[in-house]
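A.B. asks: Just one file: entry-v3.json, with JSON, C-alpha atoms.
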[["chain", "number", "residue", "atom", "x", "y", "z"],
["A", 1, "MET", "CA", 126.14, -93.81, 11.67],
["A", 2, "VAL", "CA", 123.68, -90.93, 11.83],
["A", 3, "SER", "CA", 121.84, -90.68, 15.14],
["A", 4, "THR", "CA", 118.19, -89.72, 15.17],
["A", 5, "ILE", "CA", 117.21, -87.19, 17.79],
["A", 6, "VAL", "CA", 113.79, -88.15, 19.08],
["A", 7, "PRO", "CA", 111.82, -85.14, 20.26],
["A", 8, "THR", "CA", 110.33, -85.62, 23.68],
["A", 9, "PHE", "CA", 106.70, -84.71, 23.52],
["A", 10, "SER", "CA", 104.17, -84.21, 26.25],
["A", 11, "ILE", "CA", 100.43, -84.81, 26.17],
["A", 12, "LEU", "CA", 97.56, -82.35, 26.49],
["A", 13, "GLY", "CA", 94.60, -84.37, 27.68],
["A", 14, "GLY", "CA", 92.18, -83.77, 30.53],
["A", 15, "LEU", "CA", 88.43, -83.34, 30.18],
["A", 16, "PRO", "CA", 86.47, -81.69, 27.35],
["A", 17, "ARG", "CA", 85.01, -78.18, 27.79],
["A", 18, "SER", "CA", 87.70, -77.53, 30.41],
["A", 19, "GLY", "CA", 89.84, -74.90, 28.69],
["A", 20, "ILE", "CA", 91.99, -77.17, 26.53],
["A", 21, "THR", "CA", 91.71, -74.97, 23.43],
["A", 22, "LEU", "CA", 92.36, -71.82, 25.47],
["A", 23, "LEU", "CA", 95.40, -73.38, 27.12],
["A", 24, "SER", "CA", 96.70, -74.50, 23.72],
["A", 25, "ALA", "CA", 96.46, -70.97, 22.34],
["A", 26, "LEU", "CA", 98.28, -69.52, 25.33],
["A", 27, "LEU", "CA", 101.04, -72.13, 25.35],
["A", 28, "ASN", "CA", 101.60, -71.61, 21.62],
["A", 29, "GLN", "CA", 102.54, -68.00, 22.39],
["A", 30, "HIS", "CA", 105.71, -69.30, 24.04],
["A", 31, "PRO", "CA", 108.60, -69.28, 21.52],
["A", 32, "GLU", "CA", 109.82, -72.70, 22.71],
["A", 33, "ILE", "CA", 106.48, -74.55, 22.74],
["A", 34, "TYR", "CA", 104.38, -76.04, 19.97],
["A", 35, "VAL", "CA", 100.95, -77.48, 20.76],
["A", 36, "THR", "CA", 99.26, -79.41, 17.97],
["A", 37, "THR", "CA", 95.67, -79.07, 16.95],
["A", 38, "THR", "CA", 93.55, -82.12, 17.80],
["A", 39, "SER", "CA", 96.11, -84.67, 16.74],
["A", 40, "PRO", "CA", 95.90, -87.98, 14.84],
["A", 41, "PHE", "CA", 99.36, -89.02, 15.98],
["A", 42, "VAL", "CA", 98.29, -91.41, 18.74],
["A", 43, "GLU", "CA", 96.32, -93.38, 16.12],
["A", 44, "ILE", "CA", 99.19, -93.24, 13.60],
["A", 45, "LEU", "CA", 101.60, -94.51, 16.24],
["A", 46, "TRP", "CA", 99.19, -97.19, 17.47],
["A", 47, "ARG", "CA", 98.67, -98.66, 14.00],
["A", 48, "ASN", "CA", 102.41, -98.92, 13.47],
["A", 49, "TYR", "CA", 103.01, -100.17, 17.01],
["A", 50, "THR", "CA", 100.52, -103.04, 16.70],
["A", 51, "VAL", "CA", 101.56, -104.26, 13.24],
["A", 52, "TRP", "CA", 104.30, -106.32, 14.91],
["A", 53, "THR", "CA", 101.73, -108.39, 16.79],
["A", 54, "ASP", "CA", 98.45, -108.36, 14.85],
["A", 55, "GLU", "CA", 97.16, -111.57, 13.31],
["A", 56, "ILE", "CA", 97.77, -110.51, 9.71],
["A", 57, "SER", "CA", 101.43, -109.55, 9.97],
["A", 58, "LYS", "CA", 102.85, -111.05, 13.17],
["A", 59, "ASP", "CA", 104.48, -114.00, 11.36],
["A", 60, "ASP", "CA", 106.17, -111.68, 8.88],
["A", 61, "CYS", "CA", 107.54, -109.62, 11.75],
["A", 62, "ASN", "CA", 108.77, -112.58, 13.76],
["A", 63, "THR", "CA", 112.45, -112.46, 12.87],
["A", 64, "ALA", "CA", 115.14, -111.22, 15.23],
["A", 65, "LYS", "CA", 116.24, -108.38, 12.96],
["A", 66, "ILE", "CA", 112.75, -107.05, 12.31],
["A", 67, "GLN", "CA", 111.85, -107.32, 15.99],
["A", 68, "SER", "CA", 115.00, -105.43, 16.95],
["A", 69, "ASN", "CA", 114.03, -102.67, 14.51],
["A", 70, "LYS", "CA", 110.60, -102.07, 16.07],
["A", 71, "ILE", "CA", 111.50, -99.40, 18.64],
["A", 72, "PRO", "CA", 114.08, -97.57, 16.45],
["A", 73, "PHE", "CA", 111.51, -97.44, 13.65],
["A", 74, "LEU", "CA", 108.76, -96.07, 15.88],
["A", 75, "ARG", "CA", 111.10, -93.45, 17.31],
["A", 76, "SER", "CA", 112.17, -92.44, 13.79],
["A", 77, "LEU", "CA", 108.51, -92.23, 12.79],
["A", 78, "THR", "CA", 107.92, -89.88, 15.71],
["A", 79, "SER", "CA", 110.86, -87.70, 14.71],
["A", 80, "ALA", "CA", 109.70, -87.49, 11.09],
["A", 81, "TYR", "CA", 106.14, -86.67, 12.08],
["A", 82, "PHE", "CA", 106.95, -83.78, 14.39],
["A", 83, "LYS", "CA", 109.80, -82.49, 12.24],
["A", 84, "GLY", "CA", 107.21, -81.87, 9.54],
["A", 85, "LEU", "CA", 105.16, -79.76, 11.95],
["A", 86, "THR", "CA", 107.60, -77.66, 13.94],
["A", 87, "ASP", "CA", 111.20, -76.93, 14.83],
["A", 88, "LYS", "CA", 110.33, -75.84, 18.38],
["A", 89, "PRO", "CA", 112.07, -77.86, 21.11],
["A", 90, "ILE", "CA", 109.03, -78.50, 23.32],
["A", 91, "ILE", "CA", 106.19, -80.36, 21.67],
["A", 92, "ILE", "CA", 102.75, -81.06, 23.13],
["A", 93, "ASP", "CA", 100.48, -83.50, 21.31],
["A", 94, "LYS", "CA", 96.86, -82.57, 22.00],
["A", 95, "ARG", "CA", 94.58, -85.58, 22.12],
["A", 96, "ARG", "CA", 92.51, -86.81, 25.06],
["A", 97, "GLN", "CA", 92.70, -90.40, 23.79],
["A", 98, "TRP", "CA", 96.32, -90.48, 24.91],
["A", 99, "GLN", "CA", 94.94, -90.99, 28.42],
["A", 100, "ASN", "CA", 93.76, -94.50, 27.57],
["A", 101, "PRO", "CA", 96.06, -96.80, 29.61],
["A", 102, "GLU", "CA", 96.93, -98.86, 26.51],
["A", 103, "ASN", "CA", 98.23, -95.74, 24.81],
["A", 104, "ILE", "CA", 100.21, -94.80, 27.92],
["A", 105, "LYS", "CA", 101.78, -98.28, 27.87],
["A", 106, "MET", "CA", 102.62, -97.83, 24.19],
["A", 107, "TYR", "CA", 104.34, -94.52, 24.93],
["A", 108, "GLN", "CA", 106.33, -96.11, 27.74],
["A", 109, "ASP", "CA", 107.33, -99.10, 25.58],
["A", 110, "ILE", "CA", 108.58, -96.86, 22.77],
["A", 111, "PHE", "CA", 110.24, -94.03, 24.68],
["A", 112, "GLY", "CA", 111.21, -95.78, 27.91],
["A", 113, "SER", "CA", 109.40, -93.37, 30.21],
["A", 114, "LEU", "CA", 105.93, -92.14, 31.08],
["A", 115, "PRO", "CA", 104.76, -89.03, 29.24],
["A", 116, "LYS", "CA", 104.16, -85.74, 30.96],
["A", 117, "VAL", "CA", 100.41, -85.16, 30.80],
["A", 118, "ILE", "CA", 98.77, -81.76, 31.24],
["A", 119, "ALA", "CA", 95.15, -82.38, 32.18],
["A", 120, "PRO", "CA", 92.67, -79.49, 32.34],
["A", 121, "VAL", "CA", 89.68, -80.42, 34.52],
["A", 122, "ARG", "CA", 86.43, -78.72, 35.43],
["A", 123, "ASP", "CA", 83.45, -79.40, 37.65],
["A", 124, "THR", "CA", 81.38, -81.94, 35.71],
["A", 125, "GLU", "CA", 78.16, -80.01, 36.16],
["A", 126, "ASP", "CA", 79.76, -77.02, 34.43],
["A", 127, "ILE", "CA", 81.06, -79.28, 31.64],
["A", 128, "ILE", "CA", 77.54, -80.60, 31.00],
["A", 129, "LYS", "CA", 76.09, -77.07, 31.03],
["A", 130, "SER", "CA", 78.71, -76.04, 28.47],
["A", 131, "TYR", "CA", 77.75, -78.96, 26.27],
["A", 132, "LEU", "CA", 74.05, -78.11, 26.61],
["A", 133, "THR", "CA", 74.77, -74.56, 25.42],
["A", 134, "LEU", "CA", 76.94, -75.80, 22.56],
["A", 135, "PHE", "CA", 74.40, -78.34, 21.29],
["A", 136, "GLN", "CA", 71.51, -75.90, 21.67],
["A", 137, "ASN", "CA", 73.41, -73.32, 19.60],
["A", 138, "ASN", "CA", 73.78, -75.99, 16.89],
["A", 139, "ASN", "CA", 70.11, -77.00, 17.08],
["A", 140, "LYS", "CA", 71.16, -80.51, 18.04],
["A", 141, "GLU", "CA", 70.02, -82.90, 20.72],
["A", 142, "LEU", "CA", 72.50, -83.29, 23.55],
["A", 143, "ASP", "CA", 74.78, -86.31, 23.10],
["A", 144, "LEU", "CA", 77.28, -87.01, 25.85],
["A", 145, "GLU", "CA", 78.12, -90.57, 24.85],
["A", 146, "GLY", "CA", 81.15, -91.59, 22.82],
["A", 147, "GLY", "CA", 83.84, -89.03, 22.06],
["A", 148, "SER", "CA", 81.74, -86.06, 23.10],
["A", 149, "PHE", "CA", 82.15, -86.69, 26.80],
["A", 150, "GLN", "CA", 81.79, -90.21, 28.16],
["A", 151, "THR", "CA", 84.71, -91.86, 26.35],
["A", 152, "SER", "CA", 87.00, -88.95, 27.17],
["A", 153, "TYR", "CA", 85.95, -89.11, 30.79],
["A", 154, "ASN", "CA", 86.48, -92.88, 30.96],
["A", 155, "ASP", "CA", 89.99, -92.54, 29.52],
["A", 156, "PHE", "CA", 90.85, -89.74, 31.95],
["A", 157, "LYS", "CA", 89.46, -91.71, 34.90],
["A", 158, "ALA", "CA", 91.41, -94.84, 33.94],
["A", 159, "TYR", "CA", 94.63, -92.86, 33.55],
["A", 160, "TYR", "CA", 94.07, -90.88, 36.74],
["A", 161, "LYS", "CA", 93.55, -94.10, 38.71],
["A", 162, "LEU", "CA", 96.94, -95.35, 37.56],
["A", 163, "LYS", "CA", 98.31, -92.83, 40.11],
["A", 164, "VAL", "CA", 101.32, -91.98, 37.98],
["A", 165, "ASN", "CA", 103.54, -89.06, 38.90],
["A", 166, "ASP", "CA", 103.69, -87.15, 35.65],
["A", 167, "ILE", "CA", 100.23, -85.61, 35.52],
["A", 168, "LEU", "CA", 99.63, -81.90, 35.98],
["A", 169, "LEU", "CA", 96.01, -81.03, 36.75],
["A", 170, "VAL", "CA", 94.87, -77.59, 35.63],
["A", 171, "GLU", "CA", 91.57, -76.53, 37.18],
["A", 172, "TYR", "CA", 89.47, -74.52, 34.74],
["A", 173, "ASP", "CA", 88.61, -71.88, 37.36],
["A", 174, "ASP", "CA", 92.30, -71.42, 38.17],
["A", 175, "LEU", "CA", 93.14, -71.08, 34.48],
["A", 176, "ILE", "CA", 90.59, -68.27, 34.21],
["A", 177, "ASP", "CA", 91.28, -66.56, 37.55],
["A", 178, "LYS", "CA", 95.07, -67.02, 37.87],
["A", 179, "THR", "CA", 96.07, -67.40, 34.24],
["A", 180, "GLN", "CA", 99.70, -66.30, 34.30],
["A", 181, "LYS", "CA", 100.37, -68.18, 37.54],
["A", 182, "ILE", "CA", 99.02, -71.38, 36.02],
["A", 183, "LEU", "CA", 101.07, -70.85, 32.85],
["A", 184, "ASP", "CA", 104.18, -70.26, 34.94],
["A", 185, "GLU", "CA", 103.57, -73.62, 36.64],
["A", 186, "VAL", "CA", 103.14, -75.31, 33.27],
["A", 187, "TYR", "CA", 106.39, -73.79, 31.99],
["A", 188, "VAL", "CA", 108.24, -75.15, 35.03],
["A", 189, "TYR", "CA", 106.63, -78.55, 34.48],
["A", 190, "LEU", "CA", 107.73, -78.61, 30.83],
["A", 191, "GLY", "CA", 111.21, -77.24, 31.48],
["A", 192, "ALA", "CA", 110.54, -74.11, 29.43],
["A", 193, "THR", "CA", 112.05, -70.72, 30.16],
["A", 194, "PRO", "CA", 109.82, -68.16, 31.95],
["A", 195, "TYR", "CA", 107.53, -66.22, 29.63],
["A", 196, "GLU", "CA", 105.01, -63.40, 30.06],
["A", 197, "ASN", "CA", 101.92, -64.12, 27.97],
["A", 198, "ASP", "CA", 99.83, -61.60, 26.09],
["A", 199, "PHE", "CA", 96.19, -61.67, 27.19],
["A", 200, "THR", "CA", 95.01, -58.70, 25.13],
["A", 201, "CYS", "CA", 94.13, -60.65, 21.98],
["A", 202, "ILE", "CA", 94.16, -64.44, 22.36],
["A", 203, "GLU", "CA", 94.05, -66.38, 19.10],
["A", 204, "ALA", "CA", 94.47, -70.00, 18.10],
["A", 205, "PHE", "CA", 97.84, -70.73, 16.53],
["A", 206, "GLU", "CA", 96.19, -72.92, 13.90],
["A", 207, "ASP", "CA", 92.57, -73.57, 12.91],
["A", 208, "GLU", "CA", 91.10, -76.84, 14.12],
["A", 209, "SER", "CA", 89.43, -79.28, 11.75],
["A", 210, "TYR", "CA", 85.63, -79.20, 11.66],
["A", 211, "HIS", "CA", 84.31, -81.88, 14.01],
["A", 212, "GLY", "CA", 80.63, -81.52, 13.15],
["A", 213, "ILE", "CA", 79.71, -78.88, 15.74],
["A", 214, "ASN", "CA", 80.12, -75.15, 15.19],
["A", 215, "GLY", "CA", 81.91, -73.39, 18.03],
["A", 216, "LEU", "CA", 83.42, -76.58, 19.44],
["A", 217, "HIS", "CA", 86.91, -75.04, 19.54],
["A", 218, "SER", "CA", 86.02, -71.36, 19.70],
["A", 219, "ILE", "CA", 87.89, -69.22, 22.21],
["A", 220, "ARG", "CA", 87.36, -65.68, 23.42],
["A", 221, "LYS", "CA", 89.87, -62.98, 22.61],
["A", 222, "THR", "CA", 90.37, -62.20, 26.28],
["A", 223, "ILE", "CA", 90.21, -64.26, 29.47],
["A", 224, "SER", "CA", 86.57, -64.48, 30.52],
["A", 225, "VAL", "CA", 83.90, -66.95, 31.61],
["A", 226, "GLY", "CA", 81.07, -67.76, 29.24],
["A", 227, "GLU", "CA", 77.47, -67.09, 30.15],
["A", 228, "GLU", "CA", 75.75, -70.45, 30.51],
["A", 229, "SER", "CA", 72.28, -70.23, 32.01],
["A", 230, "MET", "CA", 71.42, -73.89, 31.56],
["A", 231, "ILE", "CA", 69.82, -75.73, 34.48],
["A", 232, "LEU", "CA", 70.44, -79.45, 34.82],
["A", 233, "SER", "CA", 67.65, -81.83, 35.72],
["A", 234, "ASP", "CA", 67.79, -83.67, 39.04],
["A", 235, "ALA", "CA", 68.32, -86.93, 37.13],
["A", 236, "MET", "CA", 71.32, -85.53, 35.26],
["A", 237, "ILE", "CA", 72.85, -84.06, 38.42],
["A", 238, "LYS", "CA", 72.47, -87.42, 40.13],
["A", 239, "LYS", "CA", 74.01, -89.26, 37.18],
["A", 240, "TYR", "CA", 77.16, -87.15, 37.15],
["A", 241, "GLN", "CA", 77.50, -86.25, 40.84],
["A", 242, "ASN", "CA", 80.42, -88.62, 41.43],
["A", 243, "TYR", "CA", 82.37, -87.76, 38.29],
["A", 244, "ASN", "CA", 84.74, -85.23, 39.90],
["A", 245, "ILE", "CA", 87.19, -87.97, 40.86],
["A", 246, "TRP", "CA", 90.13, -85.60, 41.30],
["A", 247, "LYS", "CA", 88.23, -83.90, 44.14],
["A", 248, "GLN", "CA", 87.23, -87.05, 45.97],
["A", 249, "HIS", "CA", 88.69, -87.88, 49.38],
["A", 250, "ASN", "CA", 91.83, -90.03, 49.34],
["A", 251, "SER", "CA", 92.37, -89.55, 45.62],
["A", 252, "VAL", "CA", 95.96, -89.06, 44.55],
["A", 253, "ARG", "CA", 96.29, -85.76, 42.78],
["A", 254, "ILE", "CA", 99.00, -83.46, 41.57],
["A", 255, "HIS", "CA", 97.85, -79.88, 41.20],
["A", 256, "PRO", "CA", 99.72, -76.93, 39.68],
["A", 257, "LEU", "CA", 99.16, -74.85, 42.80],
["A", 258, "SER", "CA", 100.65, -77.51, 45.05],
["A", 259, "SER", "CA", 104.29, -78.55, 45.34],
["A", 260, "MET", "CA", 105.41, -79.69, 41.92],
["A", 261, "GLY", "CA", 105.71, -83.43, 41.52],
["A", 262, "VAL", "CA", 104.56, -84.27, 45.05],
["A", 263, "LYS", "CA", 101.68, -86.67, 45.58],
["A", 264, "GLN", "CA", 99.00, -85.44, 47.92],
["A", 265, "ILE", "CA", 96.68, -87.81, 49.77]]
Go ahead and render the structure in this file as structure tokens.

C.D. replies:
Amino acid sequence: MVSTIVPTFSILGGLPRSGITLLSALLNQHPEIYVTTTSPFVEILWRNYTVWTDEISKDDCNTAKIQSNKIPFLRSLTSAYFKGLTDKPIIIDKRRQWQNPENIKMYQDIFGSLPKVIAPVRDTEDIIKSYLTLFQNNNKELDLEGGSFQTSYNDFKAYYKLKVNDILLVEYDDLIDKTQKILDEVYVYLGATPYENDFTCIEAFEDESYHGINGLHSIRKTISVGEESMILSDAMIKKYQNYNIWKQHNSVRIHPLSSMGVKQI
């Protein structure tokens, strides 16, 4: 009997406009780590995961042998998917939708453990300013609903409030100001060997798909902060003033600059 080795993969989630693409490019420099582009895998896995229980096919799947094959099949599907992408031992699937609690439950059901989640975060006011700049450069009206911001935030908030242990918050300002230190913390978190990154010419490992907005996944060649002169209205500041949930008093948070794996109250 041939055993299938299931690659353990971590999640790159967090909040949009918080350095996710930059972090991906830097982590992909490590010879042991592969970070996907914005990945469809959570949707691929979900469609296969739910076929056992949806109204159309649940009766067909309701035999002991087929039911017993569910988890082995989904693990084999995972192996086949990532084997086609990389032979690196540490895989990170980049998709913020993973943070939806239903997707976390799916991961746990299939693999028997919670995923490690790397979550870049940034002050919400700065996120909105970044979006304003991006949409203005594309001659588009600002849209923060749906996948642009609100859905991603809601998924992150729901996951964060689960208070699970395996989440590593990466503050955007720390990623810019203490880049190698943050990367060192991430390597420890992932179980990778130490690695000195090259910050002289940062490039994406692979090109992202076009998501309808030019510059959405652009990164600078060197570590720097973008010039965003946007000023938010009082109404917008008021609307988003309580969105920085990881900074709120009595929130449970795990931060890369704190003791690894220790909850802080």

A.B. asks: For A:Ile219, which of A:Leu45, A:Leu22, A:Cys201, A:Ile231 is the closest residue, counting all atoms listed in the file?

C.D. replies: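 With all atoms listed in the file as the atom set, the closest residue is A:Leu22.
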
A.B. asks: Hey, which bits of stretch 42-94 of chain A sit within 12 Å of stretch 104-120 of chain A, and for each residue what's the closest pair of atoms and how far apart in Å (one decimal), counting all atoms listed in the file, rows by chain and increasing number, as CSV?

C.D. replies:
residue,atom,partner,partner_atom,distance
A:Val42,CA,A:Tyr107,CA,9.2
A:Glu43,CA,A:Met106,CA,11.2
A:Leu45,CA,A:Met106,CA,8.7
A:Trp46,CA,A:Met106,CA,7.6
A:Arg47,CA,A:Met106,CA,11.0
A:Asn48,CA,A:Met106,CA,10.8
A:Tyr49,CA,A:Met106,CA,7.6
A:Thr50,CA,A:Met106,CA,9.4
A:Asn69,CA,A:Ile110,CA,11.5
A:Lys70,CA,A:Ile110,CA,8.7
A:Ile71,CA,A:Ile110,CA,5.7
A:Pro72,CA,A:Ile110,CA,8.4
A:Phe73,CA,A:Ile110,CA,9.6
A:Leu74,CA,A:Ile110,CA,6.9
A:Arg75,CA,A:Ile110,CA,6.9
A:Ser76,CA,A:Ile110,CA,10.6
A:Leu77,CA,A:Ile110,CA,11.0
A:Thr78,CA,A:Ile110,CA,9.9
A:Ser79,CA,A:Phe111,CA,11.8
A:Ile90,CA,A:Lys116,CA,11.6
A:Ile91,CA,A:Lys116,CA,10.9
A:Ile92,CA,A:Val117,CA,9.0
A:Asp93,CA,A:Val117,CA,9.6
A:Lys94,CA,A:Ile118,CA,9.5

A.B. asks: Near A:Phe205, within 9 Å and counting only C-alpha atoms, which residues show up once chain neighbours fewer than 4 positions away are dropped, as a list in words?

C.D. replies: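 Neighbouring residues, sequence-local ones excluded: Ser24, Ala25, Leu26, Asn28, Gln29, Val35, Thr36 and Thr37 of chain A.
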
A.B. asks: Can you tell me how far atom CA of A:Asn137 sits from atom CA of A:Phe149, in Å to one decimal?

C.D. replies: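 We find that atom CA of A:Asn137 and atom CA of A:Phe149 lie 17.5 Å from each other.
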
A.B. asks: One decimal, in Å: what's the spacing between atom CA of A:Tyr131 and atom CA of A:Ser148?

C.D. replies: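 Calculated distance between atom CA of A:Tyr131 and atom CA of A:Ser148 is 8.7 Å.
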
A.B. asks: Between A:Ala80, A:Val51, A:Leu12, A:Leu27, which is the closest to A:Asn197 once you count all atoms listed in the file?

C.D. replies: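 Smallest distance to A:Asn197 is found for A:Leu27.
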
A.B. asks: Which residues, written as a PyMOL selection string, have at least one atom at most 12 Å from A:Ser152, with all atoms listed in the file counted and residues fewer than 6 positions away on the same chain left out?

C.D. replies: chain A and resi 13-18+95-100+119+121+144-146+158-159
